[in-house]
Every structure is written in structure tokens, then in C-alpha cells.
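J.: Submitted below is the structure of interest, expressed as C-alpha cells.
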Amino acid sequence: MSGFLSLQGVRKEFNGVVAVESFNLEVEPGEFVSFLGPSGCGKTTTLRMVAGFEPPTSGTIRLAGEDVTYTKPNERNIGMVFQSYALFPNMTVAENIAFGLRVRKEEGAARSERVAELLDLIHLPDKAKAYPNELSGGQQQRVALARALAIRPQLLLLDEPLSALDAKIRDDLRAEIRRIQRQLNITTIYVTHDQEEALALSDRVVVMSKGRMEQVGEPFEIYNNPATGFVASFVGQLNRLPVTVVDPALGRLRAGRSEIRTTSLIESPEGAEVSLMMRPEEVTLDAEEDNVLEGTVESVTFLGSIVRVQVAVDGGRLTADLFNERLLELPVAGDATQVSFPSHACWVLA
Ligand SMILES: Nc1ncnc2c1ncn2[C@@H]1O[C@H](COP(=O)(O)OP(=O)(O)O)[C@@H](O)[C@H]1O
Ligand SMILES: [Mg+2]
């Protein structure tokens, strides 16, 4: 089976140094897929190969069933948006949006109609005659999106389009991008190093590290069942407690003098020193769950909707994320406390 966009064994070397190795991905029509990973992991290089700016060292790229591996960028029907707005400063908003249509020699009336349609789509109907420097960063990025969409591309590629914007504008535009993508049902690849962005926007996320695909899956799956230690720690906050395996078959572990149980598979033998992983939101400051540890509060950080509490426990430290509420009594550093977490919420990494 091959998808609407298909990458098979796609690899890229620069002067013998591997930037992307063996990338395999099938993207369905209308799907929104993110490439997520730290700087330098090969996201942009992969996107540029899809766009045609960079030929792969080996492998095949297909779009709508056609082999486009070595097709020139302007012969692939692809729209692209970059981090920097890259609008033409000497052209109005309308002229910017019309640019691709003009290159394709679309006639005047059809062009104006399309530009008006796109200005409505991005909610900037009254900015047609404005110049880019008269717009905010967020508005400029909307225009860049409209310009990319004007030619009715088969595929939309976005490379960190929100990175240069302020937090509030970033959140608004993130929602806008998703709305527009759904409305047009356009197949989209979105590159980001921001895990929250990838989780919030995507149908599926490809987590990348050092040129390799670490895991491909739906956001819920990636976050709750990370396939590797890298994915677990890159996507979201994570606790890592050193423990000793007591009985792998029964899921029994020990942290210092405390007994711990997990329902997930333990592949290491009895006596092995391993890490026990769990999300901070699974940890509570009481003895409610089946794994209970005695501890001392080390620090309390008020983050608004959550309160992050670090607790020293036998053999290590656990972070608990508590939901804020107005009647919450904040713990204080030095307090003796219990922490607990359910046996189904923790897993072992060798
Ligand atoms: N034109 C190039 N020449 C040489 N090396 C490059 C070139 N483009 C990217 N690289 C290298 O490839 C790797 C991946 O880069 P890139 O795809 O830009 O990562 P990301 O977008 O994930 O930050 C990096 O090590 C980078 O230095
Ligand atoms: Mg990049």
C-alpha cells in the first residue's frame, strides 16, 4: 500500500555525512503529519526533499502515485511556508497572494476572485492593498499561508511557521492553520521542534532524532506509549526513577526500601538496575494509588494551570504535576509527604 505522499528508503548525505537515513512514510490524503525533533535532526532536509529543493542520495518519493523523486520544485504542485515570512516587501498583500497565479499565467478576473477568496479564508479581507511592513508578524504569516495555497497545491509543507511569533499569536495562528487545513482537506506536512505544537495540530507525528525516525503515531499514542527513551523524554515531561528488578514476571521492583509494582512488561532479569518512567501528571501527593513512597518536598513551582512539585524519595526524585484550584494548599519545601502513582502508569526502561 502506498499513500498519497510516499517516502520509501529516502536518505540524504551531505559530503558523506548522513543527515537523513532511511525515511519511510505513507501519508494519507487530507492527513496532517508533523515531523518533530530537536534542531539538526533532519526535519528541514526531509521537507526540502519532498519539495524538490534537495535530491535524495537514495530512495523514492511519490506524490499522488507519481514518482517525483527528481522532479523540479515548480513542477510539483506543492505550497510551502517557511519560518521567516519571506513575503515580497515591494508587493501588496493581494500581489503577494496572486504571485503564484501570475507565474502560472492565470487570467486577471480568475486571479482577483481567487485572491479575494483567500483573503476571506485567512480573515484579512480588508488588507488587500496593505504592504507586508504594515502587518503584524502573525498577519504576515497568514498571508504567506494564503500565497502558498493560492495555486491549489496537492500538498502543503510548513517549516516551523510559528517559531518567530509571540506565544499568544502563536496559539491563535496554530488554531487557524488547523482550521484552514481541515476546511480545505489539504494533505499537510508540518515541521516543528515544539512538542506541544505537534501534539495539538497533528493526525500523526513522526518523532525524529539524529536523522532517524524514532516513532510514528497519533499524538495520544506517542505521548502515552513512547517507543523509545528518546521519544519519552523529548515529548512531554518525564520522571525517571532508578529501581532494581525484584521479580520481572510479577512486575515487582524496588526503589531503596520501597516496593513498587508495574503492570507493564519488564524485559530485564532479577537484580537488574533499570529506570522506572512515569508522567508527572500521574503522580499525586497522597497515598491514594497502589505505589506509595515517602518523601520530602524539594521545590514548588506555580505554573498557572498546574503546580509542579519536586519530591526527594528513596533513591531519587519525582516530579508531581497537580492541577491548580483556588482552594489548593500549596506544599512548602521541606514538608514531609507521600507520593503515589498507579502501577499501570509506570514503565521500565533498561
Ligand atoms: N546544505 C547542507 N550542507 C551540509 N550539511 C547540511 C546541509 N543542510 C543540512 N545539513 C546538515 O544536516 C543535518 C540536518 O539538518 P536539518 O535538516 O536542517 O535539521 P532540522 O531542520 O531538523 O533542524 C544537520 O546536521 C545539518 O548541519
Ligand atoms: Mg529546520
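Ligands are numbered from 1 in the order shown, chains are lettered A, B, ... in the order of the C-alpha cells, and residues start at 1 in each chain.
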What does the list of residues within 12 Å of ligand 2 look like if you count only C-alpha atoms and all ligand atoms, written as a ChimeraX atom specification?

T.: /A:19,35-48,82-84,158-161,163,190-194,208,211

J.: Write out as a list of chain:residue names all residues of range 152-211 of chain A that backbone DSSP assigns to strand (DSSP E).

T.: A:Leu155, A:Leu156, A:Leu157, A:Leu158, A:Asp159, A:Thr187, A:Thr188, A:Ile189, A:Tyr190, A:Val191, A:Thr192, A:Arg204, A:Val205, A:Val206, A:Val207, A:Met208, A:Ser209

J.: Next, the residues of the selection above should be written as a compact mmCIF listing (two decimals), in the first residue's frame with N, CA and C atoms.

T.:
```
# COMPACT_ATOMS: atom_id res chain seq x y z
N LEU A 155 -0.26 19.47 -1.96
CA LEU A 155 0.44 19.19 -0.72
C LEU A 155 0.89 20.52 -0.12
N LEU A 156 0.70 20.67 1.18
CA LEU A 156 1.15 21.88 1.86
C LEU A 156 2.29 21.52 2.81
N LEU A 157 3.41 22.24 2.69
CA LEU A 157 4.57 21.99 3.55
C LEU A 157 4.84 23.23 4.39
N LEU A 158 4.94 23.05 5.70
CA LEU A 158 5.20 24.19 6.58
C LEU A 158 6.43 23.89 7.42
N ASP A 159 7.41 24.79 7.40
CA ASP A 159 8.65 24.58 8.15
C ASP A 159 8.74 25.59 9.29
N THR A 187 -3.59 17.77 2.26
CA THR A 187 -2.55 16.94 2.86
C THR A 187 -1.39 17.85 3.28
N THR A 188 -0.95 17.73 4.54
CA THR A 188 -0.01 18.70 5.10
C THR A 188 1.12 18.04 5.87
N ILE A 189 2.34 18.53 5.62
CA ILE A 189 3.49 18.14 6.45
C ILE A 189 3.96 19.38 7.19
N TYR A 190 4.11 19.24 8.48
CA TYR A 190 4.41 20.37 9.35
C TYR A 190 5.67 20.06 10.15
N VAL A 191 6.68 20.89 10.00
CA VAL A 191 7.95 20.68 10.71
C VAL A 191 8.00 21.55 11.95
N THR A 192 8.34 20.95 13.08
CA THR A 192 8.47 21.75 14.31
C THR A 192 9.40 21.06 15.32
N ARG A 204 -1.00 12.59 12.82
CA ARG A 204 0.11 11.72 13.23
C ARG A 204 1.37 12.53 13.37
N VAL A 205 2.26 12.06 14.25
CA VAL A 205 3.53 12.72 14.49
C VAL A 205 4.65 11.75 14.15
N VAL A 206 5.68 12.24 13.45
CA VAL A 206 6.90 11.47 13.24
C VAL A 206 7.95 12.08 14.15
N VAL A 207 8.37 11.35 15.18
CA VAL A 207 9.42 11.86 16.07
C VAL A 207 10.76 11.45 15.48
N MET A 208 11.65 12.44 15.34
CA MET A 208 12.95 12.20 14.72
C MET A 208 14.09 12.54 15.67
N SER A 209 15.20 11.80 15.52
CA SER A 209 16.41 12.09 16.26
C SER A 209 17.60 11.68 15.41
```

J.: Show which residues sit within 8 Å of range 166-183 of chain A, as a list in words. Count only C-alpha atoms, and ignore same-chain residues fewer than 3 positions away.

T.: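 The contact residues come out as Gly30, Phe32, Leu121, Ile122, Gly138, Arg142, Leu162, Ser163, Ile186, Thr187, Thr188, Glu197 and Leu201 of chain A.
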
J.: Please provide the set of residues having any atom within 6 Å of range 66-78 of chain A, restricted to only C-alpha atoms, with same-chain residues fewer than 4 positions apart removed, written as a PyMOL selection string.

T.: chain A and resi 51-52+60-62+153-156

J.: Export, as a compact mmCIF listing (two decimals), in the first residue's frame, the selected residues with N, CA and C atoms.

T.:
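Listing of out-v2.txt after writing:
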```
# COMPACT_ATOMS: atom_id res chain seq x y z
N ALA A 51 9.83 18.72 -1.21
CA ALA A 51 9.53 19.89 -2.05
C ALA A 51 10.30 19.88 -3.36
N GLY A 52 11.43 19.16 -3.39
CA GLY A 52 12.22 19.09 -4.62
C GLY A 52 13.42 20.01 -4.63
N THR A 60 12.92 6.79 -2.86
CA THR A 60 11.89 7.22 -3.81
C THR A 60 10.82 8.06 -3.11
N ILE A 61 10.41 9.13 -3.78
CA ILE A 61 9.31 9.96 -3.28
C ILE A 61 8.19 9.94 -4.33
N ARG A 62 6.99 9.57 -3.90
CA ARG A 62 5.84 9.57 -4.80
C ARG A 62 4.78 10.51 -4.29
N PRO A 153 -2.41 23.82 -4.21
CA PRO A 153 -1.42 22.75 -4.22
C PRO A 153 -2.03 21.42 -3.77
N GLN A 154 -1.37 20.33 -4.17
CA GLN A 154 -1.80 19.00 -3.73
C GLN A 154 -1.29 18.72 -2.34
N LEU A 155 -0.26 19.47 -1.96
CA LEU A 155 0.44 19.19 -0.72
C LEU A 155 0.89 20.52 -0.12
N LEU A 156 0.70 20.67 1.18
CA LEU A 156 1.15 21.88 1.86
C LEU A 156 2.29 21.52 2.81
```

J.: Please list as a PyMOL selection string every residue within 8 Å of range 264-273 of chain A, counting only C-alpha atoms and excluding residues in the same chain fewer than 4 positions away.

T.: chain A and resi 242-249+251+344+346-348+350

J.: Let me make sure I understand: among A:Ile151, A:Ala130, A:Ala198, A:Leu145, which one has the smallest atom-to-atom distance to Arg111 in chain A if we use only C-alpha atoms?

T.: A:Ile151

J.: To one decimal place in Å, what is the distance between CA of Leu7 in chain A and CA of Gly59 in chain A?

T.: 7.5 Å

J.: Tell me, as a ChimeraX atom specification, which residues lie within 8 Å of Ser299 in chain A, counting only C-alpha atoms; anything in the same chain fewer than 6 positions away does not count.

T.: /A:309-311,332-333

J.: Which one is closest to Ala144 in chain A: A:Gly9, A:Gly256, A:Gly100, A:Pro280? Count only C-alpha atoms.

T.: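 Closest to Ala144 in chain A, using only C-alpha atoms: A:Gly100.
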